[in-house]
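Structure record follows, encoded as structure tokens.
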There are 2 protein chains.
Amino acid sequence: MEVENRYLTVKHHIHGLPSRLDFELRSAPLTLTIPPGSEDVIVKNLFVSIDPYQINRMKVHNSSQKTADFARQLHPGQRIDSFGVGRVVASGNAEFKKDELVVGLLGWEEYTAVRPGTMLTKIDSNMDFPLSYHVSILGSSGLTAYAGFYEVCDPKEGEKVFVSAACGSVGHLVGQFAKQSGCYVVGCAGSKKKEKLGFDDAFNYKEETDLRSALKRYFPDGIDIYFDNVGAEMLEAAVANMNAFGRVALCGAISQYTDAGKQAAPDMLDIIYKRITIRGFLAYDHLSIYHDFVSATSDHIRHGRMQSLEDVSHGLESVPSAFAGLFRGDNVGKKLVQLADI
Amino acid sequence: MEVENRYLTVKHHIHGLPSRLDFELRSAPLTLTIPPGSEDVIVKNLFVSIDPYQINRMKVHNSSQKTADFARQLHPGQRIDSFGVGRVVASGNAEFKKDELVVGLLGWEEYTAVRPGTMLTKIDSNMDFPLSYHVSILGSSGLTAYAGFYEVCDPKEGEKVFVSAACGSVGHLVGQFAKQSGCYVVGCAGSKKKEKLGFDDAFNYKEETDLRSALKRYFPDGIDIYFDNVGAEMLEAAVANMNAFGRVALCGAISQYTDAGKQAAPDMLDIIYKRITIRGFLAYDHLSIYHDFVSATSDHIRHGRMQSLEDVSHGLESVPSAFAGLFRGDNVGKKLVQLADI
């Protein structure tokens, strides 16, 4: 059987803020059977992840493009791979059978022909969670939050934790993990509508004229851990308010993604004298703790101690505006697009 | 017996580059006997250390002043404490006897009355090294280099190491430790006269118009470890040339000390995608490895595998110009002033 597979692509490399008009919906015929000898797995995509890091792949040049495979450059016309959840339609790989649910590197398209060696995992049919959780709280966002917080930030009970983009896909989970570990947590986001999620406090950075004073007010005893999704002035202000031996996990720098002039220049004297550690990380270096992560997080969800905040749009055509909205802070929680009924 | 103890002080808080005219030589009477009940130790200072970090203490305000005791603010008129080597003249402390040689927090003055609780250690009389070594290669500079390199940079054989201010008190030792550990080492300094000290290569940053390209040339395979004494553009260029999982030890930021506008803004996307760690440190947090450091370093010196590069001026009155010269890059090696004959 052959279908006309619709997929999204960028019309041109993107500079500055993305708009839905930067994208184009194309289609190409796809045979939903596997030729003999092929180990491809054809997946019908159900949910795809909409993540800020994709913008770095769409630029003419960006340092991220050289280092991590999932972050390599995207050229106009190319399909856009992204994390997602789907159902196996046909498989040349003995590990995957027709109709099984899978999570992995799929794409902003209706079907993905997953090549051997691409990240793809079966979803345990005993896991009674909503499917979307496997790309949010139990997927790449969750692992990013968990690995970044536990492996990079090395938290201790009672420590003061600041999370930026606290309503983003990763931020809202970091804050919840931190609360589970007995930390004091303040998050900041770009809107008042965004909730506290059980954090000790939260503020809207757009209402603050001076971020340093704001942080001083929210952390009179200083910050021990800063989980950074934002970069720029927020990182500078956090470093200025940090305690001795503070730790900064650099997860993202969204304010810099669309404005290269917004480079953080934290005070290096602060970093030296306060013996601060700033560490960039990617979740996929921490796959060794994947099972611990899933087990601990499932347990938190089952006991009502954590929740997944998701912001779901519907239909492949809604992907471009969902993506552009990330950079305006439209999303509350993990941004997903549901491409088909489950 | 009473002497007129000459000491240096700043005339005013210092802004920008220091000059010898910012200092004043004063004197005050000092009784060279210990009153009953006092645990003071009076030391005749022989060598005092001239270090860039002192400038941060002399400013009206600097973030360093709040964190580390040895870095607390200095006010006009106050004596200036600094590391040094001296001979005990009188002691109210049973641990120290007259005529013993000591190393510790002394001062830019002829005699220091060392209060109980101040860092002070007897020099092992079996150690047959020049006395100056105890404030350079075997003293605070050596420990800074050793702790920063081994504890912060976590070097592996064959790794590529870049050291800035490579002829400074710490830099020239870091490069030598790195060579001892089988690393490839390139240093940069502000003059061609400065030697290679057994490094694999060295360059004069003043002759380079583009630091990023320079580092690309010296490290075609990228930098694994950057030991930063400089900050600003050098840190940015090093991060741009760093390999995945690179480590930056922030030891100093001399280019920022006298020009607050020179804040480094390394590319945070590089730091994230290359999973770089940037860590500020102070040697005195690593006193637990002090004995390992002294033992390993003494051994290197005795076997001719390491050398101490020292730049010695003479007489208390030469301290201000020696200090000002640090910021012009005048010194080759550890800058010391010898105050009295041994």
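Residue numbering restarts at 1 for every chain of the structure tokens, chains are lettered A, B, ... in their displayed order, and ligands are numbered from 1 as they appear.
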For A:Glu100, list every protein, DNA or RNA residue within 12 Å, evaluated using only C-alpha atoms, and leave out those in the same chain fewer than 6 positions away; present the list as a list of chain:residue names. A:Val41, A:Ile42, A:Val43, A:Lys44, A:Val85, A:Gly86, A:Arg87, A:Val88, A:Val89, A:Ala90, A:Ser91, A:Leu120, A:Thr121, A:Lys122, A:Ile123, A:Asp124, A:Ser125, A:Ile342
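Any residue of chain B with an atom within 7 Å of chain A counts; using only C-alpha atoms, that gives Ser63, Ser64, Thr67, Ala68, Leu250, Cys251, Ala253, Gln263, Ala264, Ala265, Asp267, Met268, Leu269, Asp270, Ile271, Ile272, Tyr273, Lys274, Arg275, Ile276, Thr277, Ile278, Arg279, Gly280, Phe281 and Leu282 of chain B.
Our summary of the geometry notes that atom CA of B:Gly187 is positioned 13.2 Å from atom CA of B:Lys206.
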Would you please give, as a compact mmCIF listing (two decimals) with N, CA and C atoms, in the first residue's frame, all residues of stretch 190-283 of chain B that DSSP assigns to alpha helix (DSSP H) based on the backbone?
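Saved to part_21.txt:
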# COMPACT_ATOMS: atom_id res chain seq x y z
N LEU B 211 41.86 35.89 17.98
CA LEU B 211 42.24 34.83 18.93
C LEU B 211 41.61 33.49 18.56
N ARG B 212 40.38 33.53 18.01
CA ARG B 212 39.74 32.27 17.64
C ARG B 212 40.54 31.53 16.58
N SER B 213 40.98 32.26 15.56
CA SER B 213 41.77 31.61 14.51
C SER B 213 43.11 31.17 15.05
N ALA B 214 43.69 31.98 15.93
CA ALA B 214 44.98 31.60 16.51
C ALA B 214 44.85 30.26 17.22
N LEU B 215 43.82 30.13 18.03
CA LEU B 215 43.65 28.88 18.78
C LEU B 215 43.33 27.71 17.85
N LYS B 216 42.62 28.00 16.79
CA LYS B 216 42.32 26.97 15.79
C LYS B 216 43.63 26.46 15.17
N ARG B 217 44.57 27.37 14.99
CA ARG B 217 45.87 27.02 14.41
C ARG B 217 46.70 26.20 15.40
N TYR B 218 46.68 26.61 16.67
CA TYR B 218 47.49 25.90 17.66
C TYR B 218 46.83 24.60 18.13
N ALA B 232 37.62 37.35 29.59
CA ALA B 232 37.30 38.16 28.40
C ALA B 232 37.41 37.39 27.09
N GLU B 233 37.97 38.04 26.05
CA GLU B 233 37.99 37.44 24.70
C GLU B 233 38.71 36.10 24.69
N MET B 234 39.71 35.95 25.57
CA MET B 234 40.48 34.70 25.56
C MET B 234 39.58 33.52 25.97
N LEU B 235 38.74 33.75 26.96
CA LEU B 235 37.81 32.71 27.39
C LEU B 235 36.80 32.41 26.29
N GLU B 236 36.33 33.45 25.64
CA GLU B 236 35.37 33.25 24.53
C GLU B 236 36.01 32.43 23.41
N ALA B 237 37.25 32.78 23.07
CA ALA B 237 37.94 32.09 21.97
C ALA B 237 38.22 30.64 22.35
N ALA B 238 38.57 30.41 23.60
CA ALA B 238 38.87 29.04 24.05
C ALA B 238 37.61 28.18 23.99
N VAL B 239 36.49 28.72 24.47
CA VAL B 239 35.23 27.96 24.44
C VAL B 239 34.86 27.62 22.99
N ALA B 240 35.07 28.59 22.10
CA ALA B 240 34.73 28.36 20.68
C ALA B 240 35.57 27.23 20.08
N ILE B 254 42.31 38.31 34.80
CA ILE B 254 43.10 39.54 34.96
C ILE B 254 42.68 40.64 34.00
N SER B 255 42.21 40.28 32.80
CA SER B 255 41.84 41.34 31.86
C SER B 255 40.61 42.10 32.34
N GLN B 256 39.83 41.47 33.22
CA GLN B 256 38.63 42.13 33.75
C GLN B 256 38.93 42.91 35.04
N TYR B 257 40.05 42.61 35.69
CA TYR B 257 40.33 43.23 36.99
C TYR B 257 40.44 44.75 36.88
N MET B 268 26.92 30.34 24.99
CA MET B 268 26.28 29.34 25.85
C MET B 268 25.79 28.13 25.04
N LEU B 269 25.52 28.35 23.75
CA LEU B 269 25.12 27.21 22.92
C LEU B 269 26.29 26.23 22.77
N ASP B 270 27.49 26.80 22.63
CA ASP B 270 28.69 25.95 22.61
C ASP B 270 28.80 25.17 23.91
N ILE B 271 28.56 25.86 25.01
CA ILE B 271 28.73 25.22 26.32
C ILE B 271 27.71 24.10 26.49
N ILE B 272 26.49 24.33 26.00
CA ILE B 272 25.47 23.29 26.11
C ILE B 272 25.78 22.11 25.18
N TYR B 273 25.93 22.41 23.89
CA TYR B 273 26.04 21.31 22.94
C TYR B 273 27.37 20.56 23.07
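Between B:Gly222 and the residues B:Asn204, B:Ser308, B:Asn241, B:Thr144, the shortest atom-to-atom distance, using only C-alpha atoms, involves B:Asn241.
From atom CA of B:Phe23 back to atom CA of B:Lys334, the distance works out to 21.2 Å.
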